[in-house]
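Okay, structure first, notes after.
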Amino acid sequence: MKPTPRRFLFSRLSIQQRLPLLICILLLSVIITFGYTAYIGIKNAELSAGKERLNALTNQLAALFQHSNSSLIPSLKEMSNEPCIKAFLQTNGKDSSDKTKLLLNSGREDSITPLLELFNANKTKILSSDSADVNININRDSVLPNTRDTSFGEIGKLYLVNNKMYFPVVVAIADTTQTIGYIIAWRRLLTTQREIDAISQLMGEGSAFYLGNNDGSFWTNGLATIPAPPVDLKNVGRVIIYIGPKNYTVIASAKPLANSRWLLLIALSQEKVTGTANRFLSWIFAIGGVLIMVGILAAWFMSRNITKPLKNLTAAASAIAKGNYSLYVDVNRDDELGKLAEAFNSMAIQVRNAQHELEKKVEHRTAELETANKELEAFSYSVSHDLHTPLRIIDGYVTVLSKKFSHKLDEEGAQLLDSIKARASRMGRLIDELLQLSYLGKKEITVQRTDMNALVKAVIKEQLMIASKHIEIKITNLEPALCDGSLIRQVWSNLISNAIKYSAMREHPRIEINSHKKDDEIIYSIKDNGVGFDMKYAGKLFNAFQRLHSKEFEGTGVGLTLVQRVVVKHGGTVWAEAEVDKGAIFYFSLPVKNH
């Protein structure tokens with residue numbers, strides 16, 4: 001009869017066998033727990049910073065492309081306003097045909113613009129420039145707009161024709177009141193590897209940019225077509241993670257380019273973004289492996305008198321697992337236990353040094369971010385100055401024209417001057433509000449007890465001075481709040497001016513302002529009986545430049561964004577309820593106590 005095999009029991013092991021096993025398990029647990037936890041934390045932090053950098057790069061490069069394309073539509077619009085083109089279209093090709101042909105050929109400045117085409121209002125081509133041996137076999141119905149908007153101007157989709165990339169620039173040709181035709185300038189998308197490398201260097205190592213159509217039909221890296229990235233066209237702007245063409249993981253963000261049918265996509269290598277975390281993990285496990293081996297060898301030669309020092313060693317290991325790296329094991333002996341203690345202290349120093357090195361890197365990155373913010377602030381000031389100057393010049397010229405040549409202008413001319421002056425003023429307000437948004441991010445709030453009744457009454461007094469009709473405004477006794485009075489005054493000013501603006505068309509406009517406490521916050525509300533809005537669009541209310549009403553209501557689309565930023569900065573929230581033609585209620589909350 002065979003003997004029953006004896007089970008492996010820990011109690012049957014000798015002290016020399018138990019101690020190495022215990023030390024191995026202990027050190028392995030500490031290293032894996034700390035290493036993996038730290039790795040996940042660092043990786044998430046780097047991914048978060050990478051996504052912020054990605055959004056910033058996307059916005060900056062989109063602005064660069066938009067600036068590069070900004071002259072295409074105005075220059076073509078200038079050509080469309082030539083009298084010979086309008087005369088040619090109005091006489092159905094009987095007048096000014098030679099001048100029009102010559103003008104179209106002059107638009108072919110170089111090989112970048114090989115073809116210009118002229119269409120009548122029925123989208124029938126009636127004239128084109130000399131083709132330069134280029135046959136762009138594209139259905140023009142997909143290029144021309146479905147609108148008769150006289151101010152239409154757009155950069156169309158990208159197309160691949162004979163292994164070359166082209167895109168149309170389309171503008172409407174109008175007489176005084178209606179669209180009489182369209183002009184298309186076909187341009188080649190020409191980029192060189194050197195230009196792409198230069199942009200990639202500006203964006204940083206491991207980055208790339210791609211251009212595509214906003215319907216996902218075409219994508220290119222600037223030199224050739226590429227497979228379409230998995231961009232959700234309904235949620236453009238969200239950061240996505242996918243496997244790139246070279247089988248590496250990338251994080252990417254797409255942004256539409258204004259006045260075009262293009263999307264810009266910026267991709268960053270996730271491996272480059274999380275490189276520090278990967279190196280950190282490798283070092284942690286390499287050092288941990290060495291320390292585990294040293295611990296096992298040292299523990300193997302220990303004797304029975306190690307119980308008390310071993311408890312100290314275990315306590316120190318537990319402290320490191322909890323994040324205390326300053327504990328030191330003091331063992332004044334030259335035997336195996338002393339060597340194990342020295343190895344353990346060496347590990348603590350290595351980990352502490354790694355932590356200090358990581359903190360220094362974080363401080364360095366923080367300093368770089370502060371420098372970047374200062375540069376961005378200087379850039380914002382420069383942009384504000386450079387944009388305000390031409391607006392002031394335009395306003396001055398319009399004023400001179402109105403005063404000096406008013407007797408020579410007919411009613412339409414005077415209206416056009418008033419329109420120019422109003423639009424320049426609106427542009428100035430938009431610049432100021434955008435700068436307010438920029439400065440708000442770094443402004444420190446000064447919290448003090450604020451009398452909301454006095455503040456709201458002062459705002460109402462200012463708003464009623466510029467109101468076009470009598471507005472009935474009812475205010476209940478408003479709860480005081482701990483807040484920055486100057487910032488919250490801006491919140492009330494924006495909300496009250498909106499309520500007045502959207503209820504002014506009513507026969508008896510009425511506004512009600514209330515407040516009440518709920519749990520640990522104060523909720524303020526402002527209700528009007530104006531035009532309201534459809535609640536399915538409520539998610540767009542507080543996004544910059546998102547407007548839910550037609551141009552009959554003046555505005556820049558930035559006011560409610562500013563309201564949300566201020567309220568959130570105070571630790572509160574803002575929301576709205578409305579119904580079309582039945583008014584709207586805007587709410588915002590402020591915490592009772594300042595945290």
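Please note that chains go A, B, ... in the order of the structure tokens, that every chain numbers its residues from 1, and that ligands are numbered from 1 in the order shown.
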Check your understanding: Could you name the residues that touch stretch 506-514 of chain A at 12 Å or less, counting only C-alpha atoms, but leaving out those on the same chain fewer than 5 positions away, as a ChimeraX atom specification?
Key -> /A:452-453,456-457,460,467-480,492,495-501,522-532,581-589
How would the residues just chosen look if you wrote them out with C-alpha atoms as a CSV table (one decimal), in the first residue's frame?
```csv
chain,number,residue,atom,x,y,z
A,452,MET,CA,-28.0,90.7,-3.1
A,453,ASN,CA,-31.0,93.1,-2.9
A,456,VAL,CA,-29.6,93.5,-8.1
A,457,LYS,CA,-31.4,96.8,-7.7
A,460,ILE,CA,-31.7,96.8,-12.8
A,467,ALA,CA,-34.3,99.6,-22.2
A,468,SER,CA,-36.6,100.6,-25.1
A,469,LYS,CA,-39.9,100.3,-23.2
A,470,HIS,CA,-41.3,99.9,-19.7
A,471,ILE,CA,-40.5,96.6,-18.0
A,472,GLU,CA,-42.3,95.4,-14.9
A,473,ILE,CA,-39.7,93.8,-12.6
A,474,LYS,CA,-40.7,92.2,-9.3
A,475,ILE,CA,-38.1,91.3,-6.7
A,476,THR,CA,-38.7,89.3,-3.5
A,477,ASN,CA,-36.3,89.7,-0.5
A,478,LEU,CA,-33.1,88.1,-1.8
A,479,GLU,CA,-30.9,86.0,0.5
A,480,PRO,CA,-27.4,87.5,1.1
A,492,TRP,CA,-26.9,89.3,-12.6
A,495,LEU,CA,-29.1,87.3,-16.9
A,496,ILE,CA,-31.3,90.5,-16.4
A,497,SER,CA,-30.2,92.0,-19.7
A,498,ASN,CA,-31.2,88.7,-21.4
A,499,ALA,CA,-34.5,88.6,-19.6
A,500,ILE,CA,-35.2,92.2,-20.8
A,501,LYS,CA,-34.1,91.5,-24.3
A,522,ILE,CA,-28.9,79.4,-1.9
A,523,ILE,CA,-30.8,79.2,-5.2
A,524,TYR,CA,-31.5,82.4,-7.1
A,525,SER,CA,-33.9,82.6,-10.1
A,526,ILE,CA,-34.9,85.1,-12.7
A,527,LYS,CA,-38.2,84.5,-14.7
A,528,ASP,CA,-39.4,86.3,-17.8
A,529,ASN,CA,-42.4,86.0,-20.0
A,530,GLY,CA,-40.4,86.3,-23.2
A,531,VAL,CA,-39.9,84.1,-26.3
A,532,GLY,CA,-38.5,81.2,-24.3
A,581,ASP,CA,-43.3,81.5,-26.5
A,582,LYS,CA,-44.0,81.1,-22.7
A,583,GLY,CA,-40.8,82.5,-21.2
A,584,ALA,CA,-37.8,81.1,-19.4
A,585,ILE,CA,-36.5,80.7,-15.9
A,586,PHE,CA,-32.7,80.8,-15.2
A,587,TYR,CA,-31.4,79.5,-11.9
A,588,PHE,CA,-28.0,79.6,-10.3
A,589,SER,CA,-26.9,78.4,-6.9
```
Exercise for review: Would you please extract all strand (DSSP E or B) residues from stretch 160-312 of chain A, as assigned by DSSP on the backbone, and give them as a ChimeraX atom specification?
Suggested key: /A:160-161,164-174,179-188,207-213,219-220,225,240-243,249-256,260,262-269
**Study point:** A:Gln60, A:Lys246, A:Ile183, A:Lys322 ranked by distance to A:Thr33, top pick (using only C-alpha atoms)
**Key:** A:Lys322
Practice item. State, in Å with one decimal place, the distance from atom CA of A:Tyr210 to atom CA of A:Pro230. Key: 12.7 Å
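Closest approach to A:Pro114 among A:Arg187, A:Lys361, A:Arg489, A:His407: A:Arg187, based on only C-alpha atoms.
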Could you pull the residues within 6 Å of A:Leu482, counting only C-alpha atoms, minus those fewer than 6 positions along the same chain, as a CSV table (one decimal) with C-alpha atoms, in the first residue's frame?
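Dumped everything to selection_37.csv:
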```csv
chain,number,residue,atom,x,y,z
A,447,VAL,CA,-15.4,86.2,-1.0
A,448,GLN,CA,-17.3,88.5,1.3
A,449,ARG,CA,-20.9,88.8,2.5
```
Point to revise | Test item: residues at most 9 Å from A:Lys593, only C-alpha atoms, excluding those fewer than 4 positions along its chain, as a ChimeraX atom specification | key: /A:481-482,520-521
Create the file for the chosen residues now, containing N, CA and C atoms and written as a short mmCIF file (atom, residue, chain, number, x, y, z; two decimals), in the first residue's frame.
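See out-v9.cif below for the written result:
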```
data_model
loop_
_atom_site.label_atom_id
_atom_site.label_comp_id
_atom_site.auth_asym_id
_atom_site.auth_seq_id
_atom_site.Cartn_x
_atom_site.Cartn_y
_atom_site.Cartn_z
N ALA A 481 -25.37 86.50 0.25
CA ALA A 481 -24.50 85.36 -0.09
C ALA A 481 -23.05 85.70 0.18
N LEU A 482 -22.25 84.64 0.40
CA LEU A 482 -20.80 84.78 0.50
C LEU A 482 -20.22 84.60 -0.90
N ASP A 520 -27.55 73.11 1.79
CA ASP A 520 -26.39 73.96 2.08
C ASP A 520 -26.08 74.93 0.94
N GLU A 521 -27.13 75.35 0.20
CA GLU A 521 -26.92 76.31 -0.88
C GLU A 521 -28.10 77.26 -0.99
#
```
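Considering only C-alpha atoms, the residue among A:Val171, A:Ile42, A:Ala62, A:Ala319 positioned nearest to A:Gly237 is A:Ala62.
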Check your understanding: Separation of atom CA of A:Lys123 and atom CA of A:Leu416, in Å?
Key -> 29.2 Å
